[in-house]
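Source file final.cif; content: mmCIF, C-alpha atoms.
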```cif
data_coords
#
loop_
_atom_site.label_atom_id
_atom_site.label_comp_id
_atom_site.auth_asym_id
_atom_site.auth_seq_id
_atom_site.Cartn_x
_atom_site.Cartn_y
_atom_site.Cartn_z
CA MET T 1 -19.35 30.89 -3.00
CA THR T 2 -20.47 27.29 -3.31
CA VAL T 3 -17.97 24.45 -3.18
CA SER T 4 -18.87 20.82 -3.80
CA PHE T 5 -16.91 17.69 -4.57
CA GLN T 6 -17.27 14.17 -5.94
CA VAL T 7 -15.09 11.24 -4.96
CA SER T 8 -14.63 8.00 -6.85
CA GLY T 9 -12.20 5.26 -5.92
CA ALA T 10 -11.33 1.61 -5.73
CA ARG T 11 -9.19 -0.62 -3.56
CA ARG T 12 -7.36 -3.63 -4.91
CA PHE T 13 -4.82 -6.10 -3.59
CA VAL T 14 -1.49 -6.67 -5.33
CA PRO T 15 1.34 -9.08 -4.48
CA SER T 16 3.94 -7.63 -2.16
CA ASP T 17 7.21 -7.24 -4.06
CA GLY T 18 9.49 -5.85 -1.37
CA ARG T 19 12.09 -7.84 0.51
CA ARG T 20 11.79 -7.86 4.28
CA ILE T 21 14.02 -5.37 6.05
CA GLY T 22 16.48 -7.22 8.25
CA ALA T 23 15.97 -10.55 6.51
CA PRO T 24 18.96 -12.90 6.76
CA SER T 25 21.13 -13.45 3.71
CA PRO T 26 20.71 -16.74 1.78
CA ASN T 27 24.18 -17.83 2.96
CA GLU T 28 23.12 -17.57 6.61
CA VAL T 29 19.93 -19.52 6.02
CA LEU T 30 21.53 -22.28 3.94
CA THR T 31 24.48 -22.92 6.27
CA PRO T 32 24.12 -26.39 7.88
CA GLY T 33 23.44 -26.21 11.59
CA ASN T 34 22.64 -22.51 11.51
CA VAL T 35 18.90 -22.30 12.13
CA PRO T 36 17.80 -18.65 12.23
CA PRO T 37 15.07 -17.70 14.70
CA ARG T 38 11.59 -17.37 13.30
CA PRO T 39 10.58 -13.73 12.71
CA ALA T 40 8.13 -12.20 15.16
CA SER T 41 5.69 -11.50 12.35
CA GLU T 42 5.51 -12.61 8.76
CA PRO T 43 5.39 -9.94 6.04
CA PRO T 44 2.08 -9.60 4.21
CA ARG T 45 1.95 -11.54 0.98
CA GLU T 46 -0.19 -8.87 -0.60
CA LYS T 47 -0.80 -5.20 -0.01
CA SER T 48 -3.80 -2.96 -0.40
CA VAL T 49 -3.60 -0.24 -3.06
CA ARG T 50 -6.12 2.59 -3.18
CA GLU T 51 -6.66 4.58 -6.35
CA GLY T 52 -9.18 7.30 -6.90
CA THR T 53 -10.19 10.69 -8.17
CA VAL T 54 -11.48 13.79 -6.40
CA VAL T 55 -13.26 16.44 -8.47
CA VAL T 56 -13.86 19.83 -6.82
CA PHE T 57 -16.42 22.33 -8.11
CA ALA T 58 -16.21 25.98 -6.98
CA GLU T 59 -18.92 28.41 -8.03
CA ASP T 60 -19.09 32.12 -7.15
CA PRO T 61 -22.51 33.63 -7.95
CA ALA T 62 -21.10 37.17 -7.54
CA SER T 63 -18.75 36.72 -10.50
CA ALA T 64 -21.45 35.42 -12.89
CA GLY T 65 -22.18 38.04 -15.44
#
```
Whole structure given in structure tokens:
Amino acid sequence: MTVSFQVSGARRFVPSDGRRIGAPSPNEVLTPGNVPPRPASEPPREKSVREGTVVVFAEDPASAG
């Protein structure tokens, strides 16, 4: 049996649409005198999306008639 494959793909960047987990509510941020601490790391403004196709070929010479 012979098995082969072909792979084709692309990577693109799209804007991040999710809200940060654990982000303060707008009321906490907008309250005078209540300065929230800066987060340890900023969320990415965009994310990488991979799309692709895998095609698998399987050939069995014993079954060819």
For this structure, which residues satisfy the selection - the PyMOL selection byres ((chain T and resi 15) around 8) - when it is evaluated on the file as given? I want them as a list in words. Phe13, Val14, Ser16, Asp17, Arg45, Glu46 and Lys47 of chain T
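Residues lying within 7 Å of segment 4-8 of chain T, counting all atoms listed in the file and ignoring same-chain neighbours fewer than 3 positions away, are T:Gly52, T:Thr53, T:Val54, T:Val55, T:Val56, T:Phe57, T:Ala58.
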Please list as a count of residues only every residue within 9 Å of Arg11 of chain T, counting all atoms listed in the file and excluding residues in the same chain fewer than 2 positions away. 7
Which residues match the PyMOL selection byres ((chain T and resi 2) around 6) in the file above, as a VMD selection string? chain T and resid 1 3 58 to 59
Keeping only C-alpha atoms, write the selected residues as a short mmCIF file (atom, residue, chain, number, x, y, z; two decimals), keeping the file's coordinate frame.
```
data_model
loop_
_atom_site.label_atom_id
_atom_site.label_comp_id
_atom_site.auth_asym_id
_atom_site.auth_seq_id
_atom_site.Cartn_x
_atom_site.Cartn_y
_atom_site.Cartn_z
CA MET T 1 -19.35 30.89 -3.00
CA VAL T 3 -17.97 24.45 -3.18
CA ALA T 58 -16.21 25.98 -6.98
CA GLU T 59 -18.92 28.41 -8.03
#
```
With 3 Å added on each side, what axis-aligned box encloses every listed atom of segment 47-63 of chain T? Give the centre and edge lengths in Å to one decimal, as lines of an AutoDock Vina configuration file.
```
center_x = -11.7
center_y = 16.0
center_z = -5.3
size_x = 27.7
size_y = 48.4
size_z = 16.5
```
Place N, CA, C and O atoms on segment 3-14 of chain T and deliver the coordinates as a PDB file, in the coordinates of the input.
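The resulting result_27.pdb:
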```pdb
ATOM      1  N   VAL T   3     -18.998  25.441  -2.866  1.00  0.00           N
ATOM      2  CA  VAL T   3     -17.970  24.450  -3.180  1.00  0.00           C
ATOM      3  C   VAL T   3     -18.568  23.069  -2.951  1.00  0.00           C
ATOM      4  O   VAL T   3     -19.176  22.814  -1.921  1.00  0.00           O
ATOM      5  N   SER T   4     -18.408  22.200  -3.931  1.00  0.00           N
ATOM      6  CA  SER T   4     -18.870  20.820  -3.800  1.00  0.00           C
ATOM      7  C   SER T   4     -17.787  19.904  -4.375  1.00  0.00           C
ATOM      8  O   SER T   4     -16.881  20.352  -5.067  1.00  0.00           O
ATOM      9  N   PHE T   5     -17.916  18.625  -4.067  1.00  0.00           N
ATOM     10  CA  PHE T   5     -16.910  17.690  -4.570  1.00  0.00           C
ATOM     11  C   PHE T   5     -17.542  16.325  -4.814  1.00  0.00           C
ATOM     12  O   PHE T   5     -18.590  15.998  -4.270  1.00  0.00           O
ATOM     13  N   GLN T   6     -16.882  15.545  -5.672  1.00  0.00           N
ATOM     14  CA  GLN T   6     -17.270  14.170  -5.940  1.00  0.00           C
ATOM     15  C   GLN T   6     -16.024  13.301  -5.789  1.00  0.00           C
ATOM     16  O   GLN T   6     -14.930  13.689  -6.204  1.00  0.00           O
ATOM     17  N   VAL T   7     -16.201  12.152  -5.180  1.00  0.00           N
ATOM     18  CA  VAL T   7     -15.090  11.240  -4.960  1.00  0.00           C
ATOM     19  C   VAL T   7     -15.424   9.887  -5.561  1.00  0.00           C
ATOM     20  O   VAL T   7     -16.528   9.384  -5.398  1.00  0.00           O
ATOM     21  N   SER T   8     -14.471   9.330  -6.272  1.00  0.00           N
ATOM     22  CA  SER T   8     -14.630   8.000  -6.850  1.00  0.00           C
ATOM     23  C   SER T   8     -13.329   7.245  -6.614  1.00  0.00           C
ATOM     24  O   SER T   8     -12.244   7.793  -6.807  1.00  0.00           O
ATOM     25  N   GLY T   9     -13.423   5.999  -6.182  1.00  0.00           N
ATOM     26  CA  GLY T   9     -12.200   5.260  -5.920  1.00  0.00           C
ATOM     27  C   GLY T   9     -12.417   3.770  -5.878  1.00  0.00           C
ATOM     28  O   GLY T   9     -13.538   3.282  -5.911  1.00  0.00           O
ATOM     29  N   ALA T  10     -11.302   3.070  -5.803  1.00  0.00           N
ATOM     30  CA  ALA T  10     -11.330   1.610  -5.730  1.00  0.00           C
ATOM     31  C   ALA T  10     -10.139   1.143  -4.913  1.00  0.00           C
ATOM     32  O   ALA T  10      -9.116   1.819  -4.841  1.00  0.00           O
ATOM     33  N   ARG T  11     -10.286  -0.006  -4.297  1.00  0.00           N
ATOM     34  CA  ARG T  11      -9.190  -0.620  -3.560  1.00  0.00           C
ATOM     35  C   ARG T  11      -8.955  -1.997  -4.146  1.00  0.00           C
ATOM     36  O   ARG T  11      -9.895  -2.741  -4.403  1.00  0.00           O
ATOM     37  N   ARG T  12      -7.695  -2.315  -4.381  1.00  0.00           N
ATOM     38  CA  ARG T  12      -7.360  -3.630  -4.910  1.00  0.00           C
ATOM     39  C   ARG T  12      -6.151  -4.172  -4.153  1.00  0.00           C
ATOM     40  O   ARG T  12      -5.442  -3.437  -3.490  1.00  0.00           O
ATOM     41  N   PHE T  13      -5.930  -5.455  -4.264  1.00  0.00           N
ATOM     42  CA  PHE T  13      -4.820  -6.100  -3.590  1.00  0.00           C
ATOM     43  C   PHE T  13      -3.820  -6.579  -4.631  1.00  0.00           C
ATOM     44  O   PHE T  13      -4.209  -7.190  -5.630  1.00  0.00           O
ATOM     45  N   VAL T  14      -2.554  -6.262  -4.414  1.00  0.00           N
ATOM     46  CA  VAL T  14      -1.490  -6.670  -5.330  1.00  0.00           C
ATOM     47  C   VAL T  14      -0.441  -7.447  -4.529  1.00  0.00           C
ATOM     48  O   VAL T  14      -0.282  -7.246  -3.326  1.00  0.00           O
TER      49      VAL T  14
END
```
